[in-house]
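J.: This one is start.csv, CSV, C-alpha atoms and all ligand atoms.
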chain,number,residue,atom,x,y,z
A,1315,MET,CA,114.5,107.2,79.1
A,1316,THR,CA,111.6,106.5,81.4
A,1317,ILE,CA,108.8,109.1,81.9
A,1318,LYS,CA,108.3,110.4,85.4
A,1319,PRO,CA,105.2,112.3,86.4
A,1320,THR,CA,105.6,116.0,87.2
A,1321,ALA,CA,102.5,116.7,89.3
A,1322,PRO,CA,99.8,114.7,91.1
A,1323,LEU,CA,97.0,113.5,88.8
A,1324,SER,CA,93.7,115.4,89.1
A,1325,PRO,CA,90.4,113.7,89.3
A,1326,GLY,CA,89.2,113.1,85.8
A,1327,ALA,CA,92.6,111.7,84.7
A,1328,CYS,CA,92.7,108.2,83.3
A,1329,ILE,CA,94.5,105.3,85.1
A,1330,GLY,CA,95.6,102.4,82.8
A,1331,ILE,CA,95.4,99.0,84.4
A,1332,ILE,CA,97.1,96.0,82.7
A,1333,GLY,CA,95.3,92.8,83.6
A,1334,GLY,CA,91.5,92.1,83.8
A,1335,GLY,CA,91.0,90.0,87.0
A,1336,GLN,CA,89.5,90.8,90.3
A,1337,LEU,CA,92.5,92.8,91.5
A,1338,GLY,CA,92.1,95.1,88.4
A,1339,ARG,CA,88.4,95.3,89.1
A,1340,MET,CA,88.8,96.4,92.7
A,1341,LEU,CA,91.6,98.9,91.6
A,1342,ALA,CA,89.2,100.3,89.0
A,1343,LEU,CA,86.4,100.7,91.5
A,1344,ALA,CA,88.7,102.4,94.0
A,1345,ALA,CA,90.0,104.7,91.2
A,1346,ALA,CA,86.4,105.6,90.4
A,1347,GLU,CA,85.8,106.5,94.1
A,1348,LEU,CA,88.5,109.1,93.7
A,1349,GLY,CA,87.0,110.5,90.5
A,1350,PHE,CA,89.4,108.9,88.1
A,1351,GLN,CA,88.6,107.2,84.8
A,1352,THR,CA,90.1,103.8,84.1
A,1353,HIS,CA,91.2,101.9,81.0
A,1354,VAL,CA,91.7,98.1,81.4
A,1355,PHE,CA,94.0,96.2,79.0
A,1356,CYS,CA,93.7,92.4,78.9
A,1357,PRO,CA,93.3,89.5,76.5
A,1358,GLU,CA,90.1,88.0,78.0
A,1359,GLU,CA,86.6,89.0,76.9
A,1360,ASN,CA,84.1,90.2,79.6
A,1361,ALA,CA,86.9,90.3,82.2
A,1362,PRO,CA,86.0,91.2,85.8
A,1363,ALA,CA,88.0,94.5,85.6
A,1364,ALA,CA,86.7,95.5,82.2
A,1365,GLN,CA,83.1,95.2,83.4
A,1366,VAL,CA,83.6,98.2,85.8
A,1367,SER,CA,86.1,100.2,83.8
A,1368,THR,CA,85.5,103.4,81.8
A,1369,PHE,CA,87.4,102.0,78.8
A,1370,SER,CA,88.8,98.6,77.9
A,1371,THR,CA,91.1,97.2,75.3
A,1372,LEU,CA,91.0,93.5,74.4
A,1373,ALA,CA,94.5,92.6,73.2
A,1374,ASP,CA,97.5,90.4,74.0
A,1375,TYR,CA,100.1,91.5,76.5
A,1376,GLU,CA,102.8,91.4,73.8
A,1377,ASP,CA,100.8,93.4,71.2
A,1378,LYS,CA,103.0,96.5,71.0
A,1379,PRO,CA,100.8,98.6,68.7
A,1380,ALA,CA,97.8,98.0,71.0
A,1381,LEU,CA,100.0,98.8,74.1
A,1382,ASP,CA,101.1,102.0,72.3
A,1383,GLN,CA,97.4,103.1,71.7
A,1384,PHE,CA,96.6,102.1,75.3
A,1385,ALA,CA,99.5,104.1,76.7
A,1386,ALA,CA,98.5,107.2,74.6
A,1387,SER,CA,95.0,107.1,76.1
A,1388,VAL,CA,96.0,107.1,79.8
A,1389,ASP,CA,97.9,109.3,82.2
A,1390,VAL,CA,99.7,106.6,84.2
A,1391,VAL,CA,100.0,102.8,83.8
A,1392,THR,CA,99.8,100.1,86.5
A,1393,TYR,CA,99.3,96.4,86.5
A,1394,GLU,CA,97.4,93.8,88.6
A,1395,PHE,CA,99.2,90.7,87.4
A,1396,GLU,CA,103.0,90.0,87.5
A,1397,ASN,CA,103.3,87.6,84.6
A,1398,ILE,CA,103.2,90.3,82.0
A,1399,PRO,CA,106.4,90.5,79.9
A,1400,VAL,CA,108.9,92.9,81.3
A,1401,SER,CA,109.5,94.0,77.7
A,1402,SER,CA,105.9,95.3,77.5
A,1403,VAL,CA,106.5,97.4,80.7
A,1404,THR,CA,109.8,98.8,79.5
A,1405,HIS,CA,108.2,99.6,76.1
A,1406,MET,CA,105.4,101.6,77.8
A,1407,GLU,CA,107.9,103.3,80.2
A,1408,GLN,CA,109.1,105.2,77.1
A,1409,HIS,CA,105.7,106.8,76.7
A,1410,LYS,CA,104.0,107.1,80.1
A,1411,PRO,CA,104.9,106.7,83.8
A,1412,VAL,CA,104.5,103.0,84.7
A,1413,PHE,CA,104.2,102.0,88.4
A,1414,PRO,CA,105.6,99.8,89.8
A,1415,SER,CA,108.7,100.0,87.6
A,1416,ALA,CA,110.0,97.2,85.4
A,1417,LYS,CA,112.8,96.6,88.0
A,1418,ALA,CA,110.2,95.4,90.7
A,1419,LEU,CA,108.6,93.2,88.1
A,1420,GLU,CA,112.0,91.7,87.1
A,1421,VAL,CA,112.8,90.8,90.7
A,1422,ALA,CA,109.4,89.3,91.4
A,1423,GLN,CA,109.2,87.2,88.3
A,1424,ASP,CA,112.2,85.1,89.1
A,1425,ARG,CA,112.6,83.2,92.4
A,1426,TRP,CA,116.4,83.1,92.1
A,1427,VAL,CA,116.7,86.8,91.5
A,1428,GLU,CA,114.1,87.6,94.2
A,1429,LYS,CA,115.8,85.5,96.9
A,1430,SER,CA,119.2,86.8,96.0
A,1431,PHE,CA,117.9,90.4,96.2
A,1432,MET,CA,116.6,89.7,99.7
A,1433,ARG,CA,119.9,88.1,100.7
A,1434,ASP,CA,121.8,91.1,99.4
A,1435,LEU,CA,119.6,93.4,101.5
A,1436,GLU,CA,120.6,91.2,104.5
A,1437,LEU,CA,117.1,90.1,105.1
A,1438,GLY,CA,116.3,86.5,106.2
A,1439,VAL,CA,115.6,83.9,103.5
A,1440,THR,CA,115.7,80.2,103.7
A,1441,GLU,CA,118.8,78.5,102.1
A,1442,PHE,CA,118.3,78.2,98.4
A,1443,TYR,CA,120.1,76.6,95.5
A,1444,ASP,CA,120.1,77.3,91.7
A,1445,ILE,CA,119.0,74.1,89.9
A,1446,THR,CA,119.9,73.8,86.2
A,1447,SER,CA,120.6,70.0,86.0
A,1448,PRO,CA,119.6,66.7,87.8
A,1449,GLN,CA,123.2,66.8,89.3
A,1450,ASP,CA,122.5,70.2,90.9
A,1451,LEU,CA,119.3,68.9,92.4
A,1452,ARG,CA,121.0,65.9,93.9
A,1453,ALA,CA,123.8,68.0,95.4
A,1454,ALA,CA,121.4,70.6,96.7
A,1455,LEU,CA,119.3,67.9,98.4
A,1456,ASP,CA,122.4,66.5,100.1
A,1457,ALA,CA,123.0,70.0,101.5
A,1458,THR,CA,119.4,70.2,102.8
A,1459,ASN,CA,119.4,66.8,104.4
A,1460,GLY,CA,117.3,65.2,101.7
A,1461,GLU,CA,114.3,67.5,102.2
A,1462,GLY,CA,113.2,70.7,100.5
A,1463,ILE,CA,110.8,72.4,98.1
A,1464,LEU,CA,111.7,72.5,94.4
A,1465,LYS,CA,110.2,75.5,92.6
A,1466,THR,CA,110.4,76.6,89.0
A,1467,ARG,CA,112.1,80.0,88.9
A,1468,ARG,CA,109.3,81.6,86.9
A,1469,PHE,CA,105.5,81.4,86.4
A,1470,GLY,CA,104.6,79.4,89.5
A,1471,TYR,CA,101.5,80.2,91.4
A,1472,ASP,CA,99.1,78.6,93.9
A,1473,GLY,CA,101.4,75.6,94.3
A,1474,LYS,CA,101.9,75.0,90.5
A,1475,GLY,CA,105.5,74.4,89.5
A,1476,GLN,CA,106.3,73.2,93.0
A,1477,TRP,CA,107.3,69.8,94.4
A,1478,ARG,CA,107.9,69.0,98.1
A,1479,LEU,CA,110.9,66.6,98.2
A,1480,SER,CA,111.9,64.0,100.8
A,1481,ALA,CA,113.9,60.9,100.8
A,1482,SER,CA,111.0,58.9,99.3
A,1483,SER,CA,110.5,61.3,96.3
A,1484,GLN,CA,110.7,59.8,92.8
A,1485,LEU,CA,113.3,62.3,91.6
A,1486,ASP,CA,113.5,61.0,88.1
A,1487,ALA,CA,109.8,61.5,87.6
A,1488,ILE,CA,110.0,65.0,89.1
A,1489,ILE,CA,112.9,65.9,86.9
A,1490,ALA,CA,110.9,64.7,83.9
A,1491,GLU,CA,108.0,66.9,84.9
A,1492,LEU,CA,110.3,69.9,85.4
A,1493,ASP,CA,111.1,69.4,81.7
A,1494,GLY,CA,114.3,71.5,81.7
A,1495,GLN,CA,112.8,74.6,83.4
A,1496,ALA,CA,115.2,76.6,85.5
A,1497,ALA,CA,114.4,76.0,89.2
A,1498,ILE,CA,115.6,76.5,92.8
A,1499,LEU,CA,115.6,74.2,95.7
A,1500,GLU,CA,114.7,75.7,99.0
A,1501,ALA,CA,115.4,74.2,102.4
A,1502,LEU,CA,112.1,73.4,104.2
A,1503,VAL,CA,111.2,76.2,106.7
A,1504,PRO,CA,109.6,74.9,110.0
A,1505,PHE,CA,107.5,78.0,110.2
A,1506,GLU,CA,105.1,78.8,113.0
A,1507,ARG,CA,102.8,80.8,110.7
A,1508,GLU,CA,102.7,82.6,107.5
A,1509,ILE,CA,102.1,86.3,107.2
A,1510,SER,CA,102.0,89.0,104.6
A,1511,LEU,CA,103.2,92.6,104.8
A,1512,LEU,CA,101.7,95.3,102.7
A,1513,VAL,CA,103.5,98.5,102.2
A,1514,ALA,CA,102.6,101.5,100.0
A,1515,ARG,CA,105.2,103.9,98.8
A,1516,ASN,CA,104.9,107.0,96.6
A,1517,ALA,CA,107.4,108.7,94.3
A,1518,ALA,CA,108.3,111.1,97.0
A,1519,GLY,CA,109.5,108.1,99.1
A,1520,ASP,CA,106.7,108.4,101.7
A,1521,THR,CA,105.5,105.0,103.0
A,1522,ALA,CA,102.4,103.7,104.7
A,1523,THR,CA,102.7,100.2,106.2
A,1524,TYR,CA,99.7,98.0,107.1
A,1525,GLU,CA,99.8,95.8,110.2
A,1526,ALA,CA,100.9,92.2,109.4
A,1527,ILE,CA,98.2,89.8,108.2
A,1528,GLU,CA,98.2,86.1,109.0
A,1529,ASN,CA,97.4,83.7,106.2
A,1530,VAL,CA,96.1,80.1,106.0
A,1531,HIS,CA,96.3,78.2,102.7
A,1532,LYS,CA,94.1,75.2,101.7
A,1533,ASN,CA,95.3,73.1,98.7
A,1534,HIS,CA,98.0,75.7,98.0
A,1535,ILE,CA,95.3,78.5,97.6
A,1536,LEU,CA,94.8,81.3,100.1
A,1537,HIS,CA,91.9,80.3,102.3
A,1538,THR,CA,91.7,82.9,105.1
A,1539,SER,CA,93.6,86.1,106.1
A,1540,THR,CA,93.4,87.6,109.5
A,1541,LEU,CA,94.3,91.0,110.8
A,1542,PRO,CA,96.2,91.4,113.1
A,1543,ALA,CA,98.6,88.5,112.7
A,1544,ARG,CA,99.8,87.0,115.9
A,1545,LEU,CA,103.3,88.6,116.3
A,1546,SER,CA,105.4,89.8,119.2
A,1547,ALA,CA,106.2,93.5,119.4
A,1548,THR,CA,109.7,92.7,118.2
A,1549,GLN,CA,108.5,90.7,115.2
A,1550,ALA,CA,106.0,93.4,114.3
A,1551,SER,CA,108.7,96.1,114.3
A,1552,GLN,CA,111.0,93.8,112.3
A,1553,ALA,CA,108.2,93.3,109.8
A,1554,GLN,CA,107.7,97.0,109.3
A,1555,THR,CA,111.5,97.7,108.9
A,1556,MET,CA,111.8,94.9,106.5
A,1557,ALA,CA,108.8,96.1,104.3
A,1558,GLU,CA,110.1,99.6,104.1
A,1559,LYS,CA,113.7,98.4,103.3
A,1560,ILE,CA,112.4,96.4,100.4
A,1561,ALA,CA,110.2,99.1,99.0
A,1562,ASP,CA,113.0,101.7,99.3
A,1563,ALA,CA,115.6,99.3,97.7
A,1564,LEU,CA,113.2,98.9,94.7
A,1565,ASP,CA,112.4,102.6,94.6
A,1566,TYR,CA,108.9,101.3,94.6
A,1567,VAL,CA,105.8,103.2,93.8
A,1568,GLY,CA,102.4,101.5,94.6
A,1569,VAL,CA,101.4,98.8,97.0
A,1570,LEU,CA,103.9,96.0,97.5
A,1571,ALA,CA,103.1,92.6,99.1
A,1572,ILE,CA,105.7,90.6,100.9
A,1573,GLU,CA,105.0,87.0,102.0
A,1574,CYS,CA,107.0,85.9,105.0
A,1575,PHE,CA,107.4,82.9,107.3
A,1576,VAL,CA,107.4,83.5,111.1
A,1577,THR,CA,110.1,81.3,112.7
A,1578,PRO,CA,111.5,81.3,116.3
A,1579,GLN,CA,114.7,82.9,114.7
A,1580,GLY,CA,112.8,85.7,113.1
A,1581,LEU,CA,111.0,86.5,109.8
A,1582,LEU,CA,112.1,84.9,106.5
A,1583,VAL,CA,110.9,86.5,103.3
A,1584,ASN,CA,109.3,83.9,101.0
A,1585,GLU,CA,108.2,86.0,98.0
A,1586,ILE,CA,107.0,89.4,96.9
A,1587,ALA,CA,104.2,90.5,94.6
A,1588,PRO,CA,104.6,93.9,93.0
A,1589,ARG,CA,100.9,94.6,93.2
A,1590,VAL,CA,97.9,94.6,95.5
A,1591,HIS,CA,97.4,91.2,97.0
A,1592,ASN,CA,94.7,88.7,97.9
A,1593,SER,CA,95.7,88.7,101.6
A,1594,GLY,CA,95.2,92.5,101.6
A,1595,HIS,CA,91.6,92.4,100.6
A,1596,LEU,CA,90.5,92.8,104.2
A,1597,THR,CA,92.1,96.2,104.3
A,1598,GLN,CA,89.2,97.4,102.1
A,1599,ASP,CA,86.8,97.1,104.9
A,1600,ALA,CA,89.0,97.1,108.0
A,1601,CYS,CA,91.4,100.0,107.4
A,1602,HIS,CA,90.7,103.7,106.9
A,1603,CYS,CA,92.4,103.4,103.5
A,1604,GLY,CA,92.3,100.0,101.8
A,1605,GLN,CA,95.0,98.6,99.6
A,1606,PHE,CA,93.2,99.4,96.3
A,1607,GLU,CA,92.7,103.1,97.1
A,1608,GLN,CA,96.2,103.2,98.5
A,1609,HIS,CA,97.7,101.9,95.3
A,1610,ILE,CA,95.8,104.4,93.2
A,1611,ARG,CA,96.9,107.2,95.6
A,1612,ALA,CA,100.5,106.1,95.3
A,1613,ILE,CA,100.6,105.9,91.5
A,1614,ALA,CA,98.6,109.2,91.1
A,1615,GLY,CA,101.2,111.0,93.3
A,1616,TRP,CA,98.6,111.7,96.0
A,1617,PRO,CA,99.3,111.8,99.7
A,1618,LEU,CA,99.1,108.2,101.0
A,1619,GLY,CA,96.0,107.3,103.0
A,1620,ASP,CA,95.8,106.1,106.6
A,1621,ALA,CA,96.7,102.4,106.7
A,1622,HIS,CA,95.5,102.0,110.3
A,1623,ALA,CA,93.0,99.3,110.9
A,1624,HIS,CA,89.9,100.5,112.7
A,1625,SER,CA,88.7,96.9,113.2
A,1626,GLU,CA,90.0,93.4,113.4
A,1627,ALA,CA,89.1,91.3,110.3
A,1628,VAL,CA,89.0,87.8,108.8
A,1629,MET,CA,88.8,87.4,105.1
A,1630,THR,CA,87.7,84.1,103.5
A,1631,ASN,CA,88.1,83.4,99.8
A,1632,LEU,CA,85.1,81.9,98.1
A,1633,LEU,CA,86.1,79.6,95.3
A,1634,GLY,CA,84.0,78.0,92.6
A,1635,GLU,CA,82.9,75.3,95.0
A,1636,ASP,CA,81.9,77.8,97.7
A,1637,ILE,CA,80.2,80.5,95.7
A,1638,ASN,CA,76.7,79.0,95.9
A,1639,ASP,CA,76.8,79.9,99.6
A,1640,TRP,CA,76.7,83.7,98.8
A,1641,GLN,CA,73.2,84.1,100.2
A,1642,ASN,CA,74.3,82.8,103.7
A,1643,TRP,CA,77.2,85.3,103.7
A,1644,ALA,CA,75.0,88.1,102.5
A,1645,ALA,CA,72.7,87.6,105.5
A,1646,GLN,CA,75.4,88.0,108.1
A,1647,LYS,CA,76.1,91.2,110.2
A,1648,ALA,CA,79.4,93.1,110.0
A,1649,THR,CA,80.2,91.1,106.9
A,1650,TYR,CA,81.3,92.5,103.5
A,1651,LEU,CA,80.8,90.4,100.4
A,1652,HIS,CA,82.7,91.2,97.2
A,1653,ILE,CA,81.8,89.2,94.1
A,1654,TYR,CA,84.0,89.4,91.1
A,1655,GLY,CA,81.6,88.9,88.2
A,1656,LYS,CA,83.1,85.7,86.7
A,1657,ALA,CA,80.7,83.7,84.6
A,1658,GLU,CA,82.3,80.2,85.1
A,1659,ALA,CA,82.5,78.9,88.7
A,1660,ASN,CA,85.2,76.3,88.2
A,1661,PRO,CA,86.5,74.4,91.3
A,1662,GLY,CA,89.5,76.3,92.8
A,1663,ARG,CA,88.7,79.5,90.9
A,1664,LYS,CA,88.6,82.6,93.0
A,1665,MET,CA,85.0,83.9,92.6
A,1666,ALA,CA,84.5,86.3,95.6
A,1667,HIS,CA,85.7,87.0,99.1
A,1668,VAL,CA,84.0,87.9,102.3
A,1669,THR,CA,85.4,90.0,105.1
A,1670,ARG,CA,84.0,89.8,108.7
A,1671,LEU,CA,84.9,92.6,111.0
A,1672,ARG,CA,85.0,92.7,114.8
A,1673,ALA,CA,85.9,95.5,117.2
A,1674,ARG,CA,89.6,95.9,118.1
A,1675,ARG,CA,90.6,94.3,121.4
B,1701,LIG,P1,105.0,80.0,97.3
B,1701,LIG,O1,104.5,79.6,95.9
B,1701,LIG,O2,106.5,80.2,97.3
B,1701,LIG,O3,104.2,81.1,97.9
B,1701,LIG,O4,104.7,78.7,98.2
B,1701,LIG,C1,103.4,78.3,98.4
B,1701,LIG,C2,103.3,77.7,99.9
B,1701,LIG,O5,104.2,76.6,100.1
B,1701,LIG,C3,103.7,78.7,100.9
B,1701,LIG,O6,102.6,79.6,101.3
B,1701,LIG,C4,104.1,77.8,102.1
B,1701,LIG,O7,102.9,77.3,102.8
B,1701,LIG,C5,104.7,76.6,101.4
B,1701,LIG,N1,106.2,76.8,101.2
B,1701,LIG,C6,106.8,77.5,100.2
B,1701,LIG,N2,108.2,77.5,100.4
B,1701,LIG,C7,108.4,76.8,101.6
B,1701,LIG,C8,109.6,76.5,102.3
B,1701,LIG,N3,110.8,76.8,101.8
B,1701,LIG,N4,109.4,75.8,103.5
B,1701,LIG,C9,108.2,75.4,103.9
B,1701,LIG,N5,107.1,75.7,103.3
B,1701,LIG,C10,107.1,76.4,102.1
What is this file in structure tokens?

T.:
Amino acid sequence: MTIKPTAPLSPGACIGIIGGGQLGRMLALAAAELGFQTHVFCPEENAPAAQVSTFSTLADYEDKPALDQFAASVDVVTYEFENIPVSSVTHMEQHKPVFPSAKALEVAQDRWVEKSFMRDLELGVTEFYDITSPQDLRAALDATNGEGILKTRRFGYDGKGQWRLSASSQLDAIIAELDGQAAILEALVPFEREISLLVARNAAGDTATYEAIENVHKNHILHTSTLPARLSATQASQAQTMAEKIADALDYVGVLAIECFVTPQGLLVNEIAPRVHNSGHLTQDACHCGQFEQHIRAIAGWPLGDAHAHSEAVMTNLLGEDINDWQNWAAQKATYLHIYGKAEANPGRKMAHVTRLRARR
């Protein structure tokens, strides 16, 4: 049996957050703004989220006794990181409400399950093939005219666990690197642009959808996000219907991020994240209610906030190699700097982001 909340949480209640990174930090800060206490659970010392949380527990994501103690100390549990074991979430669901549910996590953790889920909802996805052997891969490549993207089904991020394949690829070496992990082959999408959709849903089934955000990646890491995305009115309405359909089908509670490709034939879903998302950081400063506050409202059973953007915005991620520039960003007008409190500025590590606003046109 899973525990369902009976009434909205009052200020003073404690929100449990699994995961200690910058998303957890910004969730904890937003929770504090609404008068909540927070308890962060993560395995790293001095984690960005723990630095700003009322309480913290340092333990492994599979440590059941520690998860039990954590669940006993909070009123609702959420997570900022989708690679936590589903079994840890189902374990906690016996004791406290957990949002988003284990079902959303299960779908998001496996690319085959995720794409099949979208196809069953009759949403656009690129052609995809289950790969469990070198023979499967060769057959799938024949079906996609020798080109495609091979992705591990689980635990890929920022381009890790991914290989772009063409006629000249050294398949044997790639198969060796794959090392028996289950994978999918996706047909290459000739997209015009990449966007993300953020939708919040509460347990009553109310939804609040943000305008689509346009994303540019550099070296497989999100570089900039821009609101609004360049979409036609038809595409924008397709995006909203799609986001609400996915959230309803998952009986989702919280903020859900959906990454899509814009193609001349319409929108194709690439992947979902059952959590607040890097591309949504600009909503903090550009929308009446940003994604972090919205997520806290949704899981606390509050009315959803106003997702409308009062300004246009461009968010830029500052990585380890960019962070020394913080003084330049700090000196600019209409610019909001958010630094995550990470001690080590390694190359490629997300250290901060900056959002620049401009008046709506
Ligand atoms: P993902 O890990 O699925 O988010 O993929 C990372 C990036 O690779 C995406 O943001 C796209 O730029 C690119 N990509 C992923 N899948 C495809 C595809 N099927 N066709 C073309 N580009 C893709």

J.: Using only C-alpha atoms and all ligand atoms, pick whichever of A:Phe1355, A:Tyr1654, A:Tyr1443, A:Phe1606 has the shortest atom-to-atom distance to ligand LIG 1701 (chain B).

T.: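 Counting only C-alpha atoms and all ligand atoms, the residue closest to ligand LIG 1701 (chain B) is A:Tyr1443.
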
J.: Considering all atoms listed in the file, can you say which of A:Leu1437, A:Asp1620, A:Lys1417, A:Gly1460 comes closest to Asp1565 (chain A)?

T.: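 Of all the options, A:Lys1417 lies closest to Asp1565 (chain A).
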
J.: Kindly work out which residues sit at most 9 Å from ligand LIG 1701 (chain B), using all atoms listed in the file, and give the list as a count of residues only.

T.: 39

J.: Which residue is closest to Gln1336 (chain A)? Choose from A:Val1388, A:Val1590, A:Leu1348, A:Ala1659 and count all atoms listed in the file.

T.: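 Counting all atoms listed in the file, the residue closest to Gln1336 (chain A) is A:Val1590.
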
J.: Taking 5 positions as the minimum chain separation for residues in the same chain, which residues sit within 9 Å of region 1635-1641 of chain A when counting only C-alpha atoms? Answer as a PDB file with C-alpha atoms, in the frame of the given file.

T.:
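Dumped to part.pdb:
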ATOM      1  CA  LEU A1651      80.800  90.400 100.400  1.00  0.00           C
ATOM      2  CA  ILE A1653      81.800  89.200  94.100  1.00  0.00           C
ATOM      3  CA  ALA A1659      82.500  78.900  88.700  1.00  0.00           C
ATOM      4  CA  ASN A1660      85.200  76.300  88.200  1.00  0.00           C
ATOM      5  CA  PRO A1661      86.500  74.400  91.300  1.00  0.00           C
ATOM      6  CA  GLY A1662      89.500  76.300  92.800  1.00  0.00           C
ATOM      7  CA  ARG A1663      88.700  79.500  90.900  1.00  0.00           C
ATOM      8  CA  MET A1665      85.000  83.900  92.600  1.00  0.00           C
ATOM      9  CA  ALA A1666      84.500  86.300  95.600  1.00  0.00           C
TER      10      ALA A1666
END

J.: For the atom pair CA of Glu1394 (chain A) and CA of His1537 (chain A), what is the interatomic distance in Å to one decimal place?

T.: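 Separating CA of Glu1394 (chain A) from CA of His1537 (chain A) is a distance of 20.0 Å.
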
J.: What does the distance between CA of Tyr1566 (chain A) and CA of His1602 (chain A) come to in Å, to one decimal place?

T.: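 Separation of CA of Tyr1566 (chain A) and CA of His1602 (chain A): 22.1 Å.
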